[in-house]
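A.B. asks: Got data.cif for you, mmCIF, C-alpha atoms and all ligand atoms:
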data_coords
#
loop_
_atom_site.label_atom_id
_atom_site.label_comp_id
_atom_site.auth_asym_id
_atom_site.auth_seq_id
_atom_site.Cartn_x
_atom_site.Cartn_y
_atom_site.Cartn_z
CA MET A 437 54.77 37.25 20.05
CA ILE A 438 51.09 38.00 20.23
CA VAL A 439 48.99 34.89 20.38
CA ALA A 440 45.33 35.41 19.57
CA SER A 441 43.15 33.91 22.16
CA ARG A 442 41.19 30.99 20.62
CA ALA A 443 38.36 31.03 23.05
CA PRO A 444 35.85 32.09 23.96
CA TYR A 445 34.82 33.07 20.44
CA PRO A 446 32.36 35.89 20.06
CA ALA A 447 29.07 34.06 19.74
CA THR A 448 28.06 36.55 17.11
CA ARG A 449 30.38 38.32 14.73
CA LEU A 450 28.39 41.14 13.19
CA ARG A 451 31.32 41.92 10.95
CA ARG A 452 30.60 38.76 8.94
CA THR A 453 27.59 40.35 7.21
CA ARG A 454 29.55 43.54 6.58
CA ALA A 455 32.37 41.83 4.71
CA HIS A 456 31.21 42.16 1.09
CA SER A 457 29.33 44.73 -0.90
CA TRP A 458 26.87 42.07 -2.17
CA LEU A 459 26.19 40.88 1.36
CA ARG A 460 25.78 44.38 2.75
CA ARG A 461 23.25 45.01 0.00
CA LEU A 462 21.43 41.78 0.84
CA VAL A 463 21.02 42.54 4.53
CA ARG A 464 20.34 46.25 4.17
CA GLU A 465 17.14 47.14 6.03
CA HIS A 466 16.24 50.51 4.54
CA GLN A 467 16.72 51.88 1.05
CA LEU A 468 16.30 55.26 -0.52
CA SER A 469 14.68 55.30 -3.92
CA VAL A 470 13.58 58.00 -6.31
CA ASN A 471 10.01 57.05 -5.34
CA ASP A 472 10.59 58.65 -1.95
CA LEU A 473 11.40 62.11 -3.24
CA ILE A 474 9.27 65.23 -3.43
CA TYR A 475 10.91 68.29 -4.94
CA PRO A 476 9.91 71.69 -3.48
CA VAL A 477 10.11 74.48 -6.09
CA PHE A 478 9.79 78.26 -5.90
CA VAL A 479 7.65 79.76 -8.63
CA LEU A 480 7.91 83.27 -10.04
CA ASP A 481 5.43 85.41 -11.88
CA GLY A 482 6.18 86.41 -15.46
CA ALA A 483 8.09 84.55 -18.17
CA GLN A 484 11.69 83.58 -18.86
CA ARG A 485 12.71 84.46 -15.34
CA ARG A 486 15.16 82.62 -13.14
CA GLU A 487 16.61 83.95 -9.90
CA ALA A 488 19.18 82.49 -7.57
CA VAL A 489 18.37 82.24 -3.85
CA ALA A 490 21.43 83.56 -2.02
CA SER A 491 20.99 81.45 1.10
CA MET A 492 20.22 78.31 -0.93
CA PRO A 493 23.04 77.89 -3.44
CA GLY A 494 21.92 75.76 -6.38
CA VAL A 495 18.23 76.53 -5.84
CA GLU A 496 16.54 78.85 -8.32
CA ARG A 497 13.17 80.49 -8.42
CA LEU A 498 11.68 79.86 -11.86
CA SER A 499 8.86 81.40 -13.83
CA ILE A 500 6.17 78.94 -14.88
CA ASP A 501 7.45 78.48 -18.44
CA LEU A 502 10.96 77.66 -17.25
CA LEU A 503 9.57 75.44 -14.51
CA VAL A 504 7.61 73.39 -17.05
CA GLU A 505 10.73 73.11 -19.20
CA ALA A 506 12.94 72.03 -16.29
CA ALA A 507 10.38 69.53 -15.04
CA ALA A 508 10.94 67.35 -18.10
CA GLU A 509 14.18 66.07 -16.55
CA TRP A 510 12.60 65.57 -13.14
CA VAL A 511 9.79 63.53 -14.65
CA ALA A 512 12.29 61.50 -16.67
CA LEU A 513 14.23 60.78 -13.50
CA GLY A 514 11.04 59.41 -11.94
CA ILE A 515 10.50 61.99 -9.21
CA PRO A 516 6.88 61.37 -8.19
CA ALA A 517 5.79 64.86 -7.17
CA LEU A 518 6.60 68.55 -6.86
CA ALA A 519 5.61 70.85 -4.00
CA LEU A 520 4.89 74.35 -5.32
CA PHE A 521 5.74 77.52 -3.42
CA PRO A 522 4.75 80.76 -5.15
CA VAL A 523 6.80 83.92 -4.81
CA THR A 524 4.14 86.62 -4.62
CA PRO A 525 5.02 90.10 -5.91
CA SER A 526 4.61 92.55 -3.03
CA ALA A 527 1.92 94.45 -4.96
CA HIS A 528 -0.28 91.34 -4.58
CA LYS A 529 0.17 91.03 -0.82
CA SER A 530 -2.56 92.28 1.47
CA LEU A 531 -3.90 92.02 5.00
CA ASP A 532 -6.59 89.54 3.95
CA ALA A 533 -4.28 87.53 1.65
CA ALA A 534 -6.95 87.52 -1.06
CA ALA A 535 -4.38 86.72 -3.77
CA ALA A 536 -4.08 83.27 -2.18
CA TRP A 537 -7.30 82.05 -3.77
CA SER A 538 -7.15 83.90 -7.08
CA PRO A 539 -7.72 81.46 -9.96
CA ASP A 540 -4.95 83.38 -11.72
CA GLY A 541 -2.53 83.13 -8.83
CA ILE A 542 0.97 81.81 -9.48
CA ALA A 543 0.34 78.47 -7.75
CA GLN A 544 -2.94 77.96 -9.60
CA ARG A 545 -1.40 78.78 -13.00
CA ALA A 546 1.67 76.68 -12.32
CA THR A 547 -0.54 73.75 -11.32
CA ARG A 548 -2.54 73.98 -14.53
CA ALA A 549 0.58 74.27 -16.68
CA LEU A 550 2.38 71.37 -15.02
CA LYS A 551 -0.65 69.07 -15.05
CA ALA A 552 -1.23 69.85 -18.74
CA ALA A 553 2.39 69.06 -19.61
CA TYR A 554 2.88 66.09 -17.26
CA PRO A 555 -0.40 64.48 -16.18
CA GLU A 556 1.52 61.77 -14.31
CA LEU A 557 3.54 64.20 -12.19
CA GLY A 558 1.99 64.70 -8.76
CA ILE A 559 1.35 68.32 -7.82
CA ILE A 560 1.29 69.30 -4.16
CA THR A 561 0.25 72.84 -3.32
CA ASP A 562 1.04 74.82 -0.20
CA VAL A 563 -2.02 75.94 1.70
CA ALA A 564 -0.93 78.86 3.87
CA LEU A 565 -1.25 82.61 3.70
CA ASP A 566 2.29 83.76 4.47
CA PRO A 567 3.31 84.34 0.83
CA PHE A 568 0.27 86.61 0.48
CA THR A 569 0.15 88.65 3.69
CA THR A 570 1.90 91.98 4.05
CA HIS A 571 3.13 90.93 7.51
CA GLY A 572 4.40 87.46 6.53
CA GLN A 573 2.29 85.60 9.11
CA ASP A 574 0.42 82.47 8.01
CA GLY A 575 -2.96 83.92 8.81
CA ILE A 576 -5.22 86.92 9.13
CA LEU A 577 -4.63 89.16 12.13
CA ASP A 578 -7.27 90.41 14.54
CA ASP A 579 -7.15 93.94 15.97
CA SER A 580 -4.61 92.95 18.57
CA GLY A 581 -2.26 91.48 15.97
CA TYR A 582 -3.03 87.87 16.92
CA VAL A 583 -3.40 85.38 14.05
CA ALA A 584 -7.16 84.77 14.17
CA ASN A 585 -7.69 81.03 13.86
CA ASP A 586 -11.18 80.57 12.50
CA ILE A 587 -11.13 83.51 10.09
CA THR A 588 -7.84 82.18 8.76
CA VAL A 589 -9.30 78.68 8.36
CA ALA A 590 -12.10 80.13 6.20
CA ALA A 591 -9.45 81.74 3.97
CA LEU A 592 -7.44 78.51 3.82
CA VAL A 593 -10.55 76.67 2.66
CA ARG A 594 -10.94 79.10 -0.24
CA GLN A 595 -7.26 78.73 -1.09
CA ALA A 596 -7.40 74.92 -0.99
CA LEU A 597 -10.51 74.88 -3.19
CA SER A 598 -8.82 77.12 -5.75
CA HIS A 599 -5.85 74.73 -5.83
CA ALA A 600 -8.18 71.77 -6.33
CA GLU A 601 -9.99 73.64 -9.13
CA ALA A 602 -6.63 74.21 -10.79
CA GLY A 603 -5.92 70.48 -10.70
CA ALA A 604 -3.76 69.98 -7.62
CA ASP A 605 -3.52 66.32 -6.60
CA ILE A 606 -2.62 67.02 -3.00
CA VAL A 607 -3.25 70.15 -0.97
CA ALA A 608 -0.81 70.58 1.88
CA PRO A 609 -1.80 72.95 4.68
CA SER A 610 1.40 74.24 6.27
CA ASP A 611 -0.22 76.93 8.40
CA MET A 612 -0.82 75.13 11.74
CA MET A 613 -4.25 76.62 12.42
CA ASP A 614 -6.52 74.41 14.54
CA GLY A 615 -9.29 72.62 12.69
CA ARG A 616 -8.22 73.43 9.17
CA ILE A 617 -7.94 69.83 7.98
CA GLY A 618 -11.57 69.07 8.79
CA ALA A 619 -12.79 72.31 7.25
CA ILE A 620 -10.77 71.77 4.06
CA ARG A 621 -11.84 68.11 3.78
CA ALA A 622 -15.51 69.02 4.13
CA ALA A 623 -15.23 71.79 1.54
CA LEU A 624 -13.39 69.57 -0.93
CA GLU A 625 -16.05 66.86 -0.60
CA ALA A 626 -18.88 69.35 -1.00
CA ALA A 627 -17.28 70.76 -4.15
CA GLY A 628 -16.83 67.35 -5.78
CA HIS A 629 -13.09 67.15 -5.11
CA GLU A 630 -13.28 63.92 -3.15
CA ARG A 631 -10.19 62.58 -4.95
CA VAL A 632 -7.96 65.44 -3.88
CA SER A 633 -5.75 64.32 -0.98
CA ILE A 634 -4.67 66.30 2.05
CA LEU A 635 -1.09 66.18 3.24
CA SER A 636 -1.14 67.83 6.62
CA TYR A 637 1.89 69.60 7.98
CA ALA A 638 0.73 68.09 11.24
CA ALA A 639 3.84 68.39 13.39
CA LYS A 640 5.35 71.60 12.17
CA TYR A 641 7.67 73.25 14.63
CA ALA A 642 8.39 76.95 15.16
CA SER A 643 11.86 76.38 13.79
CA SER A 644 14.77 78.66 13.04
CA TYR A 645 15.72 76.36 10.17
CA TYR A 646 13.16 78.02 7.87
CA GLY A 647 15.19 81.20 7.35
CA PRO A 648 16.41 80.54 3.80
CA PHE A 649 12.88 79.54 2.70
CA ARG A 650 11.54 82.86 3.92
CA ASP A 651 14.25 84.53 1.82
CA ALA A 652 13.27 82.40 -1.15
CA VAL A 653 9.56 83.26 -1.05
CA GLY A 654 10.22 86.82 0.03
CA SER A 655 8.36 86.68 3.35
CA ALA A 656 11.38 87.23 5.60
CA GLY A 657 11.33 91.01 5.18
CA ASN A 658 7.60 91.14 5.86
CA LEU A 659 7.95 89.08 9.03
CA LYS A 660 10.56 91.56 10.34
CA GLY A 661 11.96 89.48 13.13
CA GLY A 662 8.47 88.33 14.16
CA ASN A 663 7.94 84.65 14.87
CA LYS A 664 5.26 82.00 14.50
CA LYS A 665 5.43 80.54 17.99
CA ASN A 666 1.78 80.96 18.82
CA TYR A 667 0.74 78.55 16.08
CA GLN A 668 3.75 76.42 15.12
CA MET A 669 4.87 73.83 17.69
CA ASP A 670 7.35 74.37 20.48
CA PRO A 671 10.62 72.54 19.70
CA GLY A 672 10.59 71.14 23.22
CA ASN A 673 7.49 69.02 22.61
CA SER A 674 7.12 65.52 21.25
CA ALA A 675 3.95 64.05 22.78
CA GLU A 676 2.14 67.08 21.41
CA ALA A 677 3.19 66.01 17.91
CA LEU A 678 1.27 62.77 18.38
CA HIS A 679 -1.73 64.77 19.56
CA GLU A 680 -1.54 67.01 16.48
CA VAL A 681 -1.27 64.02 14.14
CA ALA A 682 -4.16 62.21 15.84
CA LEU A 683 -6.41 65.25 15.39
CA ASP A 684 -5.44 65.78 11.76
CA LEU A 685 -6.06 62.11 10.93
CA ALA A 686 -9.43 62.24 12.66
CA GLU A 687 -10.25 65.34 10.61
CA GLY A 688 -9.43 63.54 7.36
CA ALA A 689 -5.74 63.98 6.57
CA ASP A 690 -4.51 61.32 4.12
CA MET A 691 -0.84 61.88 4.90
CA VAL A 692 0.96 63.66 7.67
CA MET A 693 4.25 65.48 7.82
CA VAL A 694 6.91 66.20 10.37
CA LYS A 695 8.94 69.33 9.79
CA PRO A 696 11.85 70.20 10.01
CA GLY A 697 13.53 66.92 9.18
CA MET A 698 16.90 65.88 10.54
CA PRO A 699 16.62 67.68 13.89
CA TYR A 700 13.21 66.01 14.41
CA LEU A 701 13.84 62.41 13.34
CA ASP A 702 12.77 61.28 16.81
CA VAL A 703 9.35 62.82 16.20
CA LEU A 704 9.14 61.25 12.76
CA GLN A 705 9.92 57.84 14.18
CA ALA A 706 7.35 58.22 16.95
CA VAL A 707 4.63 59.36 14.52
CA LYS A 708 5.22 56.49 12.11
CA ALA A 709 5.35 53.94 14.90
CA GLU A 710 2.16 55.21 16.52
CA PHE A 711 -0.10 55.73 13.52
CA GLN A 712 1.30 53.63 10.63
CA VAL A 713 -0.07 56.08 8.07
CA PRO A 714 1.79 57.68 5.15
CA THR A 715 4.27 59.91 6.92
CA PHE A 716 6.41 62.47 5.19
CA ALA A 717 9.34 64.51 6.39
CA TYR A 718 10.60 67.86 5.18
CA GLN A 719 14.34 68.39 4.99
CA VAL A 720 13.90 72.15 5.16
CA SER A 721 15.75 75.08 3.67
CA GLY A 722 18.10 75.55 6.62
CA GLU A 723 19.13 71.90 6.47
CA TYR A 724 19.83 72.31 2.76
CA ALA A 725 21.79 75.51 3.39
CA MET A 726 24.02 74.01 6.06
CA HIS A 727 24.83 71.03 3.89
CA MET A 728 25.63 73.26 0.93
CA ALA A 729 27.84 75.50 3.06
CA ALA A 730 29.88 72.49 4.13
CA PHE A 731 30.03 71.12 0.57
CA GLU A 732 31.23 74.47 -0.78
CA ARG A 733 34.03 74.55 1.76
CA GLY A 734 35.03 71.01 0.98
CA TRP A 735 34.24 69.97 4.54
CA LEU A 736 31.82 67.21 3.62
CA ALA A 737 31.68 64.85 0.64
CA ARG A 738 28.67 66.08 -1.30
CA ASP A 739 27.18 63.04 -3.01
CA ALA A 740 27.65 60.59 -0.17
CA VAL A 741 26.32 63.00 2.44
CA ILE A 742 23.24 63.87 0.39
CA LEU A 743 22.30 60.21 0.13
CA GLU A 744 23.15 59.45 3.76
CA SER A 745 21.08 62.39 4.99
CA LEU A 746 18.07 61.16 3.02
CA LEU A 747 18.50 57.52 3.97
CA ALA A 748 18.26 58.64 7.61
CA PHE A 749 14.67 59.69 6.93
CA LYS A 750 13.83 56.25 5.59
CA ARG A 751 15.39 54.60 8.63
CA ALA A 752 13.29 56.80 10.90
CA GLY A 753 10.14 55.72 9.05
CA ALA A 754 9.47 58.34 6.38
CA ASP A 755 7.46 57.28 3.37
CA GLY A 756 8.30 60.42 1.46
CA ILE A 757 10.85 63.19 1.85
CA LEU A 758 10.50 66.77 0.70
CA THR A 759 14.02 67.84 -0.10
CA TYR A 760 15.79 70.48 -2.16
CA PHE A 761 18.26 67.69 -2.97
CA ALA A 762 15.55 65.68 -4.75
CA VAL A 763 16.98 66.16 -8.23
CA ASP A 764 20.59 65.62 -7.12
CA ALA A 765 19.59 62.51 -5.21
CA ALA A 766 17.55 61.15 -8.13
CA ARG A 767 20.54 61.59 -10.44
CA LEU A 768 22.86 59.90 -7.95
CA LEU A 769 20.45 57.00 -7.44
CA GLN A 770 20.13 56.56 -11.18
CA ALA A 771 23.89 56.60 -11.65
CA SER A 772 24.40 54.04 -8.90
CA SER A 773 21.79 51.67 -10.32
CA ASN A 774 23.47 51.66 -13.75
C1 LIG A 801 5.07 78.58 5.48
C2 LIG A 801 6.09 77.58 5.12
C3 LIG A 801 7.39 77.59 5.59
C4 LIG A 801 8.05 76.51 5.01
C5 LIG A 801 7.13 75.85 4.19
N1 LIG A 801 5.91 76.53 4.28
C6 LIG A 801 8.11 78.55 6.46
C7 LIG A 801 7.45 79.07 7.65
O1 LIG A 801 6.66 78.39 8.31
O2 LIG A 801 7.74 80.21 7.95
C8 LIG A 801 9.48 76.20 5.25
C9 LIG A 801 10.15 75.29 4.32
C10 LIG A 801 11.62 75.34 4.38
O3 LIG A 801 12.24 75.96 5.25
O4 LIG A 801 12.22 74.71 3.49
N2 LIG A 801 3.76 78.27 5.34
#
Write the structure described by the file as structure tokens, please.
Ligand code: PBG
C.D. replies:
Amino acid sequence: MIVASRAPYPATRLRRTRAHSWLRRLVREHQLSVNDLIYPVFVLDGAQRREAVASMPGVERLSIDLLVEAAAEWVALGIPALALFPVTPSAHKSLDAAAAWSPDGIAQRATRALKAAYPELGIITDVALDPFTTHGQDGILDDSGYVANDITVAALVRQALSHAEAGADIVAPSDMMDGRIGAIRAALEAAGHERVSILSYAAKYASSYYGPFRDAVGSAGNLKGGNKKNYQMDPGNSAEALHEVALDLAEGADMVMVKPGMPYLDVLQAVKAEFQVPTFAYQVSGEYAMHMAAFERGWLARDAVILESLLAFKRAGADGILTYFAVDAARLLQASSN
């Protein structure tokens, strides 16, 4: 016969607060809500167009009319904001990326259309040249093929101003040039756009998790096996992320981002702890793709894993999460609160 020992008792039994659903809910430290979600969308030229993205099952590129139509559900779900990524036809790509600041560009038109239809839906635009360059780099090249920092910053300023003119609420430089936040902030102020916020992709790593995104916006072919390591951060660095964030805040960033997401939760946690400013994370295309691959094979339980993956960002300190699961997660959260 097994006789349970009566003493010494564990002084603390952590299982007591795990015993009931109501009690687990009461003591839960971090929660995911629809208010945390930003939905990144790929926008096509033309009308009545929708295209699947092979490496991102369930994600579609949409023309502006279909995007506006689809956004009705996202707004109804309470998703606070969209992040727009234009898919530029190759005829509009060039060495100087001039299409990036055209008032009739896809991002500019999509911004106007969405703001007209849903004034209360936040619109975040991507400030970077890679969708517009023939070589797929995020900047303008000098004669040696190096991405020229200050010339690129001048182009980014024009792009950001054109987004603000179109009605963007938040411009989000994802290019990783030095000094672009200060230059963009100064230009926005001078042009009367003092209420437009800047979300800086401050700690953006030279990651191999961006592959499916480059397929989605059609820059992968242009990049031809090239990489972005001389401007995006080295995955081996974490103190440097704090340095980047400190500079961007000093230059006027309102919010900062860490990207990719799940493989860089340590960086996210360090940034939030150090600066206590609005800190966003991007669960990037490769993270979406690997989840979807496992879901399609029946290897992971879709709904539960989506929510767990996003809750991890909250636990690490994220205020907002850019995720291709935003709509799925919003639906799941709504269903679970009913
Ligand atoms: C480029 C940009 C990238 C992403 C957002 N903006 C890719 C890159 O740096 O090559 C990636 C997003 C994702 O993978 O979901 N300015």
A.B. asks: Kindly provide, as lines of an AutoDock Vina configuration file, the centre and edge lengths (Å, one decimal) of an axis-aligned box around all atoms of ligand LIG 801 (chain A) given in the file, with 4 Å on each side.
C.D. replies:
center_x = 8.0
center_y = 77.5
center_z = 5.9
size_x = 16.5
size_y = 13.5
size_z = 12.8
A.B. asks: Name the residues, by chain letter and number, that sit within 7 Å of ligand LIG 801 (chain A) using only C-alpha atoms and all ligand atoms, and give them as an MDAnalysis selection string.
C.D. replies: chainID A and resid 562 564:566 574 610:611 645:650 719:722
A.B. asks: Given the choices A:His599, A:Gly753, A:Gln544, A:Ser644, which gets closest to Glu465 (chain A) if the distance is worked out from all atoms listed in the file?
C.D. replies: A:Gly753
A.B. asks: Skipping near chain neighbours, those fewer than 5 positions away, what residues fall within 12 Å of Asp764 (chain A) using all atoms listed in the file, listed as a VMD selection string?
C.D. replies: chain A and resid 470 473 to 475 494 to 495 509 to 510 513 515 724 738 to 743 746 759 769 to 771
A.B. asks: If you measure from CA of Ala488 (chain A) to CA of Ala519 (chain A), what distance in Å do you get, rounded to one decimal?
C.D. replies: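 Distance between the two atoms: 18.2 Å.
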A.B. asks: Using only C-alpha atoms, which of A:Leu736, A:Leu768, A:Ile606, A:Ala717 sits nearest Val703 (chain A)?
C.D. replies: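 When distances to Val703 (chain A) are compared using only C-alpha atoms, the smallest one comes from A:Ala717.
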A.B. asks: Let me make sure I understand: among A:Asp501, A:Glu744, A:Asp670, A:Asp755, which one has the smallest atom-to-atom distance to Val692 (chain A) if we use all atoms listed in the file?
C.D. replies: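 Under the stated criterion, the closest residue is A:Asp755.
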A.B. asks: Using all atoms listed in the file, which of the listed residues (A:Gln573, A:Ile617, A:Lys665, A:Ala623) sits closest to Ala642 (chain A)?
C.D. replies: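 The closest residue to Ala642 (chain A) is A:Lys665.
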